[in-house]
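*Asks:* Got a structure for you, query_8.cif, holding mmCIF, C-alpha atoms and all ligand atoms.
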```
data_model
loop_
_atom_site.label_atom_id
_atom_site.label_comp_id
_atom_site.auth_asym_id
_atom_site.auth_seq_id
_atom_site.Cartn_x
_atom_site.Cartn_y
_atom_site.Cartn_z
CA MET A 94 20.81 -70.22 80.63
CA ALA A 95 17.12 -71.12 80.55
CA GLU A 96 15.26 -71.29 77.28
CA SER A 97 13.65 -68.04 76.07
CA VAL A 98 10.16 -67.91 74.65
CA VAL A 99 10.45 -64.24 73.67
CA ASP A 100 13.58 -62.60 72.37
CA VAL A 101 13.46 -58.96 71.35
CA ALA A 102 16.85 -57.72 70.19
CA ASP A 103 17.67 -54.06 69.72
CA ALA A 104 14.18 -53.13 68.55
CA THR A 105 13.55 -49.63 67.29
CA LYS A 106 10.20 -48.15 66.31
CA THR A 107 9.47 -44.64 65.17
CA TYR A 108 6.19 -43.08 64.15
CA GLU A 109 5.84 -40.22 61.72
CA LEU A 110 2.96 -38.11 62.86
CA GLY A 111 3.50 -34.37 62.75
CA GLY A 112 7.20 -35.01 63.37
CA THR A 113 9.12 -38.13 64.30
CA VAL A 114 8.24 -39.91 67.53
CA THR A 115 10.73 -42.52 68.71
CA ALA A 116 8.51 -44.98 70.59
CA LEU A 117 11.25 -47.60 71.08
CA ASP A 118 14.95 -46.88 70.90
CA GLY A 119 17.04 -50.07 70.88
CA VAL A 120 15.13 -52.25 73.33
CA SER A 121 16.26 -55.80 74.11
CA VAL A 122 14.09 -58.09 76.22
CA ALA A 123 14.32 -61.85 76.72
CA LEU A 124 11.62 -63.78 78.55
CA GLU A 125 12.37 -67.22 79.92
CA VAL A 126 9.80 -69.96 79.58
CA GLY A 127 7.44 -69.83 82.55
CA SER A 128 8.58 -66.42 83.79
CA TYR A 129 6.27 -63.66 85.04
CA THR A 130 7.57 -60.23 84.06
CA ALA A 131 6.16 -56.71 84.31
CA VAL A 132 7.14 -53.87 82.00
CA MET A 133 6.73 -50.66 83.93
CA GLY A 134 7.08 -47.05 82.85
CA PRO A 135 5.21 -43.77 82.61
CA SER A 136 2.57 -43.03 79.99
CA GLY A 137 4.13 -42.66 76.54
CA SER A 138 7.33 -44.56 77.44
CA GLY A 139 6.78 -47.25 74.77
CA LYS A 140 5.20 -50.06 76.81
CA SER A 141 2.30 -50.76 74.46
CA THR A 142 4.57 -50.46 71.43
CA LEU A 143 6.83 -53.16 72.88
CA LEU A 144 3.88 -55.44 73.63
CA ASN A 145 2.46 -54.87 70.15
CA LEU A 146 5.76 -55.90 68.57
CA ILE A 147 5.89 -59.10 70.63
CA GLY A 148 2.24 -59.82 69.89
CA GLY A 149 2.80 -59.28 66.17
CA LEU A 150 0.40 -56.35 65.92
CA ASP A 151 3.20 -54.22 64.60
CA THR A 152 6.73 -54.70 63.26
CA PRO A 153 9.98 -52.98 64.32
CA ASP A 154 11.86 -50.61 62.02
CA GLU A 155 15.09 -52.24 63.13
CA GLY A 156 15.98 -55.18 65.33
CA SER A 157 14.32 -58.56 65.64
CA VAL A 158 11.40 -60.12 67.50
CA VAL A 159 11.38 -63.88 68.03
CA VAL A 160 8.50 -65.68 69.75
CA GLY A 161 8.99 -69.42 70.18
CA ASP A 162 10.24 -70.66 66.80
CA ASN A 163 8.81 -67.71 64.91
CA ALA A 164 10.65 -64.62 63.73
CA VAL A 165 7.55 -62.50 64.19
CA ASP A 166 9.04 -59.46 62.49
CA THR A 167 9.47 -61.34 59.21
CA LEU A 168 6.06 -63.02 59.12
CA GLY A 169 3.27 -61.57 56.99
CA GLU A 170 0.03 -60.17 58.35
CA GLN A 171 -1.73 -63.53 58.21
CA GLY A 172 1.07 -65.48 59.89
CA ARG A 173 1.15 -62.98 62.72
CA ALA A 174 -2.62 -63.13 63.18
CA GLN A 175 -2.44 -66.91 63.37
CA ILE A 176 0.15 -66.91 66.15
CA ARG A 177 -1.68 -64.19 68.02
CA GLY A 178 -4.92 -66.09 68.27
CA THR A 179 -3.45 -69.42 69.27
CA GLU A 180 0.05 -69.33 70.74
CA ILE A 181 -0.22 -65.86 72.23
CA GLY A 182 -3.07 -64.69 74.42
CA PHE A 183 -3.32 -60.92 74.11
CA VAL A 184 -5.32 -58.93 76.68
CA PHE A 185 -5.85 -55.40 75.41
CA GLN A 186 -6.58 -52.40 77.56
CA THR A 187 -9.58 -51.57 75.42
CA PHE A 188 -11.00 -55.10 75.39
CA ASN A 189 -11.54 -55.25 71.59
CA LEU A 190 -14.57 -57.53 71.85
CA MET A 191 -16.79 -58.08 68.83
CA PRO A 192 -19.93 -56.03 69.55
CA ARG A 193 -22.41 -58.28 67.78
CA LEU A 194 -21.17 -61.49 69.36
CA THR A 195 -22.19 -62.90 72.75
CA ALA A 196 -19.67 -63.62 75.51
CA VAL A 197 -19.46 -67.29 74.50
CA GLU A 198 -19.07 -66.41 70.81
CA ASN A 199 -16.34 -63.86 71.57
CA VAL A 200 -14.39 -66.33 73.70
CA ALA A 201 -14.83 -69.12 71.12
CA LEU A 202 -13.57 -66.98 68.24
CA PRO A 203 -9.83 -67.68 68.55
CA LEU A 204 -10.64 -71.39 68.74
CA VAL A 205 -11.99 -71.19 65.19
CA PHE A 206 -8.52 -70.18 64.01
CA ASP A 207 -7.03 -72.89 66.22
CA GLY A 208 -9.09 -75.52 64.38
CA TRP A 209 -11.44 -76.61 67.18
CA ASP A 210 -14.82 -78.06 66.13
CA GLN A 211 -18.00 -76.18 67.00
CA GLU A 212 -19.10 -78.25 69.98
CA ARG A 213 -15.71 -78.25 71.69
CA ARG A 214 -15.42 -74.51 71.07
CA VAL A 215 -18.63 -73.80 72.95
CA ASP A 216 -17.71 -76.16 75.80
CA ARG A 217 -14.30 -74.59 76.16
CA ALA A 218 -15.67 -71.02 75.98
CA GLN A 219 -18.20 -71.81 78.72
CA GLU A 220 -15.53 -73.43 80.86
CA VAL A 221 -13.24 -70.38 80.73
CA LEU A 222 -16.14 -67.99 81.31
CA ASP A 223 -16.98 -70.04 84.40
CA ASP A 224 -13.35 -69.63 85.53
CA VAL A 225 -13.59 -65.84 85.35
CA GLY A 226 -16.90 -65.80 87.20
CA LEU A 227 -19.18 -65.18 84.22
CA GLY A 228 -21.02 -68.48 84.20
CA ASP A 229 -24.30 -66.56 84.22
CA ARG A 230 -23.44 -64.22 81.35
CA TYR A 231 -22.83 -66.59 78.41
CA ASP A 232 -25.34 -64.97 76.06
CA HIS A 233 -24.74 -61.34 76.91
CA LYS A 234 -23.25 -59.03 74.30
CA PRO A 235 -20.52 -56.53 75.28
CA THR A 236 -22.99 -53.63 75.62
CA GLU A 237 -25.00 -55.76 78.06
CA LEU A 238 -21.97 -56.19 80.36
CA SER A 239 -20.17 -53.87 82.77
CA GLY A 240 -16.61 -52.70 82.06
CA GLY A 241 -15.17 -55.20 84.50
CA GLN A 242 -17.23 -58.02 82.99
CA ARG A 243 -16.06 -57.07 79.50
CA GLN A 244 -12.48 -57.19 80.65
CA ARG A 245 -13.08 -60.65 82.09
CA VAL A 246 -14.57 -61.80 78.76
CA ALA A 247 -11.44 -60.42 77.05
CA ILE A 248 -9.24 -62.38 79.46
CA ALA A 249 -11.30 -65.54 78.93
CA ARG A 250 -10.90 -65.09 75.17
CA ALA A 251 -7.13 -64.70 75.53
CA LEU A 252 -6.88 -67.83 77.67
CA ALA A 253 -9.31 -70.11 75.83
CA PRO A 254 -6.76 -71.61 73.39
CA GLU A 255 -4.38 -72.26 76.33
CA PRO A 256 -1.61 -70.04 74.97
CA SER A 257 1.84 -70.57 76.45
CA LEU A 258 2.47 -66.82 76.30
CA VAL A 259 0.07 -64.24 77.72
CA LEU A 260 0.56 -60.52 77.02
CA ALA A 261 -1.56 -58.12 79.07
CA ASP A 262 -1.61 -54.37 78.45
CA GLU A 263 -2.74 -52.51 81.60
CA PRO A 264 -5.32 -55.24 82.28
CA THR A 265 -6.52 -53.61 85.48
CA GLY A 266 -6.61 -50.14 83.93
CA ASN A 267 -10.32 -49.76 83.30
CA VAL A 268 -11.85 -51.89 86.03
CA ASP A 269 -12.87 -51.55 89.68
CA THR A 270 -10.62 -52.75 92.50
CA GLU A 271 -12.43 -56.03 93.01
CA THR A 272 -12.25 -56.98 89.34
CA GLY A 273 -8.62 -55.85 89.30
CA THR A 274 -7.87 -58.31 92.09
CA ALA A 275 -9.68 -61.11 90.23
CA ILE A 276 -7.68 -60.35 87.08
CA MET A 277 -4.34 -60.32 88.92
CA SER A 278 -5.31 -63.59 90.54
CA LEU A 279 -6.03 -65.16 87.12
CA LEU A 280 -2.69 -63.96 85.78
CA ALA A 281 -0.95 -65.44 88.84
CA ASP A 282 -2.70 -68.78 88.20
CA ILE A 283 -1.60 -68.73 84.57
CA ALA A 284 1.98 -68.00 85.56
CA ASP A 285 1.89 -70.65 88.31
CA SER A 286 0.85 -73.29 85.80
CA GLY A 287 4.05 -72.80 83.85
CA ASN A 288 3.00 -70.30 81.19
CA THR A 289 4.93 -67.13 80.42
CA VAL A 290 3.25 -63.86 81.38
CA LEU A 291 4.24 -60.37 80.33
CA LEU A 292 2.27 -57.61 81.99
CA VAL A 293 2.46 -53.94 81.06
CA THR A 294 1.58 -51.39 83.70
CA HIS A 295 2.47 -47.93 84.91
CA SER A 296 1.59 -48.90 88.47
CA ARG A 297 4.30 -50.08 90.86
CA ARG A 298 1.70 -51.95 92.92
CA VAL A 299 0.53 -53.95 89.94
CA ALA A 300 4.08 -54.61 88.73
CA GLU A 301 5.05 -56.07 92.12
CA HIS A 302 2.92 -59.15 91.39
CA ALA A 303 5.54 -60.24 88.86
CA GLU A 304 8.90 -61.90 89.53
CA ARG A 305 10.80 -59.27 87.64
CA ILE A 306 10.25 -55.68 86.55
CA ILE A 307 11.73 -54.14 83.41
CA HIS A 308 11.67 -50.37 83.77
CA ILE A 309 11.35 -48.43 80.54
CA ARG A 310 11.48 -44.73 79.90
CA ASP A 311 11.59 -42.74 76.66
CA GLY A 312 11.69 -45.95 74.66
CA GLN A 313 14.70 -47.40 76.43
CA VAL A 314 15.22 -50.03 79.12
CA GLN A 315 16.44 -48.19 82.19
CA ARG A 316 16.98 -51.09 84.54
CA ARG A 317 15.87 -54.59 85.44
CA GLU A 318 14.77 -55.46 88.92
CA ASP A 319 14.03 -58.76 90.66
CA VAL A 320 10.99 -58.41 92.90
CA THR A 321 12.06 -59.63 96.32
CA ASP A 322 8.76 -59.12 98.11
CA ARG A 323 6.09 -60.12 95.61
CA ARG A 324 2.53 -59.01 96.11
CA THR A 325 -0.21 -61.59 96.10
CA PRO A 326 -3.60 -60.75 94.57
CA GLY A 327 -6.20 -59.81 97.15
CA ASP A 328 -3.58 -58.90 99.70
CA ARG A 329 -5.50 -56.69 102.12
CA GLN A 330 -2.87 -54.20 103.14
CA PRO A 331 -4.22 -50.67 102.90
CA ASP A 332 -1.88 -49.82 100.04
CA ALA A 333 -2.78 -52.94 98.06
CA VAL A 334 -5.51 -51.24 96.05
CA LEU A 335 -5.05 -51.93 92.36
CA GLY A 336 -6.98 -48.98 91.01
CA GLY A 337 -5.53 -45.74 89.77
CA GLU A 338 -4.36 -46.82 86.33
CA SER A 339 -5.52 -45.15 83.20
P1 LIG A 401 2.79 -46.38 76.61
O1 LIG A 401 2.05 -47.63 76.32
O2 LIG A 401 4.00 -46.59 77.45
O3 LIG A 401 1.91 -45.32 77.20
P2 LIG A 401 3.09 -46.20 73.73
O4 LIG A 401 3.93 -47.36 73.39
O5 LIG A 401 1.64 -46.33 73.46
O6 LIG A 401 3.35 -45.78 75.24
O7 LIG A 401 3.61 -44.94 72.92
C1 LIG A 401 4.97 -44.54 72.89
C2 LIG A 401 5.09 -43.26 72.08
O8 LIG A 401 4.78 -43.52 70.71
C3 LIG A 401 4.13 -42.17 72.53
O9 LIG A 401 4.82 -40.94 72.44
C4 LIG A 401 2.99 -42.23 71.55
O10 LIG A 401 2.40 -40.99 71.37
C5 LIG A 401 3.69 -42.71 70.28
N1 LIG A 401 2.81 -43.56 69.44
C6 LIG A 401 2.32 -44.78 69.77
N2 LIG A 401 1.59 -45.31 68.78
C7 LIG A 401 1.61 -44.40 67.77
C8 LIG A 401 1.05 -44.34 66.44
N3 LIG A 401 0.31 -45.35 65.98
N4 LIG A 401 1.29 -43.24 65.70
C9 LIG A 401 2.04 -42.24 66.18
N5 LIG A 401 2.61 -42.22 67.39
C10 LIG A 401 2.40 -43.27 68.19
MG MG A 402 0.05 -48.13 76.66
#
```
I need this file expressed as C-alpha cells, please.

*Replies:*
Amino acid sequence: MAESVVDVADATKTYELGGTVTALDGVSVALEVGSYTAVMGPSGSGKSTLLNLIGGLDTPDEGSVVVGDNAVDTLGEQGRAQIRGTEIGFVFQTFNLMPRLTAVENVALPLVFDGWDQERRVDRAQEVLDDVGLGDRYDHKPTELSGGQRQRVAIARALAPEPSLVLADEPTGNVDTETGTAIMSLLADIADSGNTVLLVTHSRRVAEHAERIIHIRDGQVQRREDVTDRRTPGDRQPDAVLGGES
C-alpha cells in the first residue's frame, strides 16, 4: 500500500452548545502521498470539523490524527501552529487575512515562521501572487481587494511555503465563477506537481475535480468513490459552473 501523509483513525468530536452536537462520529480517513481527494457532504455534516482536525486547528475527543511524522492530536498549540504554517497550506472559506497587512505581507507571513529571511520572503510572496494573477495588487490591503482577489491572496499565502499538504475548505464558496475556475485550476496544478490535496465541498461539480470523493453525512463516512470521469477546471460544458456554494 502507498505511503499515507494523513491518517485519521476513528476520530470523534462533540461540541457542547445548548446540548451535545456530534460533529464527527468515528471517522477514519487515510490520504496517500500525492493524492487529490474531495470530502463531500451537506451543510453541517462535519466537513470543516474534519479539516480542522487534520490542520491542527482543533483536537479530537477520541481517535488519532497523524500528519506526516506528527501525531497532531498530541501536539500543543504551538507545535500545531508551526506545522500549519509550513507543512500544511490551509485555505479557509473566510480567507482569514490580516486586515492591516498588504497582500505581499499577508502572503509572506507564514514564511516568517518557516525561517525565511526578509528579502527571500518578499520575492517569494510576489512570485506566488503573480501565479494567482495578482501581480498588480502587491500593496493592497484586504479591504482594497474584491472577494475573489482576497481568496486568491489566501491561496497564495497557503502555497507560499510550498507545503506538501494543502487543505481547502469550500475554496470556491465565496467567489464568482471565473475566480472559482482559476482556484480549481491552481489546486489541480498543485496536485499535478505531486502534492497532496484535500478539498472540502458540498458541491458535486467541484468534488468531481478530485480523484476520489469521500462522502460524509451526520459525522460519518457514508461511502468512498473513485471519480471515473474527472472534471477539468474551465471545462465549458453548460453544467460546469462552479458557483452555488455557500
Ligand atoms: P460542515 O463543514 O460540513 O458544514 P461543520 O463541521 O462545520 O459542518 O459542523 C458539524 C456540526 O458541528 C454542525 O452541526 C455544527 O453546528 C457543529 N459545530 C461545528 N463547530 C462547532 C462549535 N465550535 N461549537 C458548537 N458546534 C459546532
Ligand atoms: Mg464547513

*Asks:* Kindly indicate which residue among A:Pro264, A:Gly111, A:Pro326, A:Gly178 lies nearest to ligand MG 402 (chain A), using only C-alpha atoms and all ligand atoms for the distances.

*Replies:*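 Comparing A:Pro264, A:Gly111, A:Pro326, A:Gly178 against ligand MG 402 (chain A), the winner is A:Pro264.
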
*Asks:* Tell me, as JSON, numbers by chain, which residues lie within 10 Å of Pro153 of chain A, counting all atoms listed in the file; anything in the same chain fewer than 3 positions away does not count.

*Replies:* {"A": [101, 103, 104, 105, 106, 107, 117, 142, 143, 145, 146, 147, 149, 156, 157, 158, 165, 166, 167]}

*Asks:* Using all atoms listed in the file, can you tell me which of A:Leu150, A:Ile181, A:Ala196, A:Val268 comes closest to ligand LIG 401 (chain A)?

*Replies:*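 Distance minimum relative to ligand LIG 401 (chain A) lands on A:Leu150.
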
*Asks:* Can you write out as a tab-separated table which residues of chain A fall within 7 Å of ligand MG 402 (chain A), alongside each residue's closest atom pair and its distance in Å to one decimal, counting all atoms listed in the file and ordering rows by chain and ascending residue number?

*Replies:*
```
residue	atom	partner	partner_atom	distance
A:Ser136	CA	A:MG402	MG	6.6
A:Gly137	CA	A:MG402	MG	6.8
A:Lys140	CA	A:MG402	MG	5.5
A:Ser141	CA	A:MG402	MG	4.1
A:Asp262	CA	A:MG402	MG	6.7
```

*Asks:* Take the residues from that selection and write them out as a short mmCIF file (atom, residue, chain, number, x, y, z; two decimals), in the frame of the given file, keeping C-alpha atoms.

*Replies:*
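Dumped to again.cif:
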```
data_model
loop_
_atom_site.label_atom_id
_atom_site.label_comp_id
_atom_site.auth_asym_id
_atom_site.auth_seq_id
_atom_site.Cartn_x
_atom_site.Cartn_y
_atom_site.Cartn_z
CA SER A 136 2.57 -43.03 79.99
CA GLY A 137 4.13 -42.66 76.54
CA LYS A 140 5.20 -50.06 76.81
CA SER A 141 2.30 -50.76 74.46
CA ASP A 262 -1.61 -54.37 78.45
#
```

*Asks:* Which residues sit within 12 Å of ligand LIG 401 (chain A), counting all atoms listed in the file, listed as a VMD selection string?

*Replies:* chain A and resid 105 to 118 132 to 146 150 to 152 185 to 186 261 to 263 266 292 to 296 308 to 314 338 to 339

*Asks:* Restricting the calculation to only C-alpha atoms: of A:Thr325, A:Thr195, A:Thr179, A:Thr274, which residue gets closest to Leu238 of chain A?

*Replies:*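 Selected residue with least distance to Leu238 of chain A: A:Thr195.
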
*Asks:* Nearest to Asn199 of chain A among A:Thr265, A:Asn163, A:Gln219, A:Gln171, with distances taken over only C-alpha atoms: which residue is it?

*Replies:*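 Closest to Asn199 of chain A of all the choices is A:Gln219.
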
*Asks:* Hey, can you check how far atom CA of Ala131 of chain A sits from atom CA of Arg305 of chain A?

*Replies:*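 Computing the Euclidean distance for atom CA of Ala131 of chain A and atom CA of Arg305 of chain A yields 6.3 Å.
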
*Asks:* Restricting the calculation to all atoms listed in the file: of A:Gln175, A:Gln211, A:Ser121, A:Asn288, which residue gets closest to Leu258 of chain A?

*Replies:*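 Among the listed residues, A:Asn288 lies closest to Leu258 of chain A.
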
*Asks:* For Ser239 of chain A, work out the shell of residues within 12 Å, counting all atoms listed in the file and skipping chain neighbours fewer than 6 positions away, then give it as a list in words.

*Replies:*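 Skipping anything fewer than 6 positions along the chain leaves Phe188, Leu227, Arg230, His233, Arg245, Val246, Asn267, Val268, Asp269 and Thr272 of chain A.
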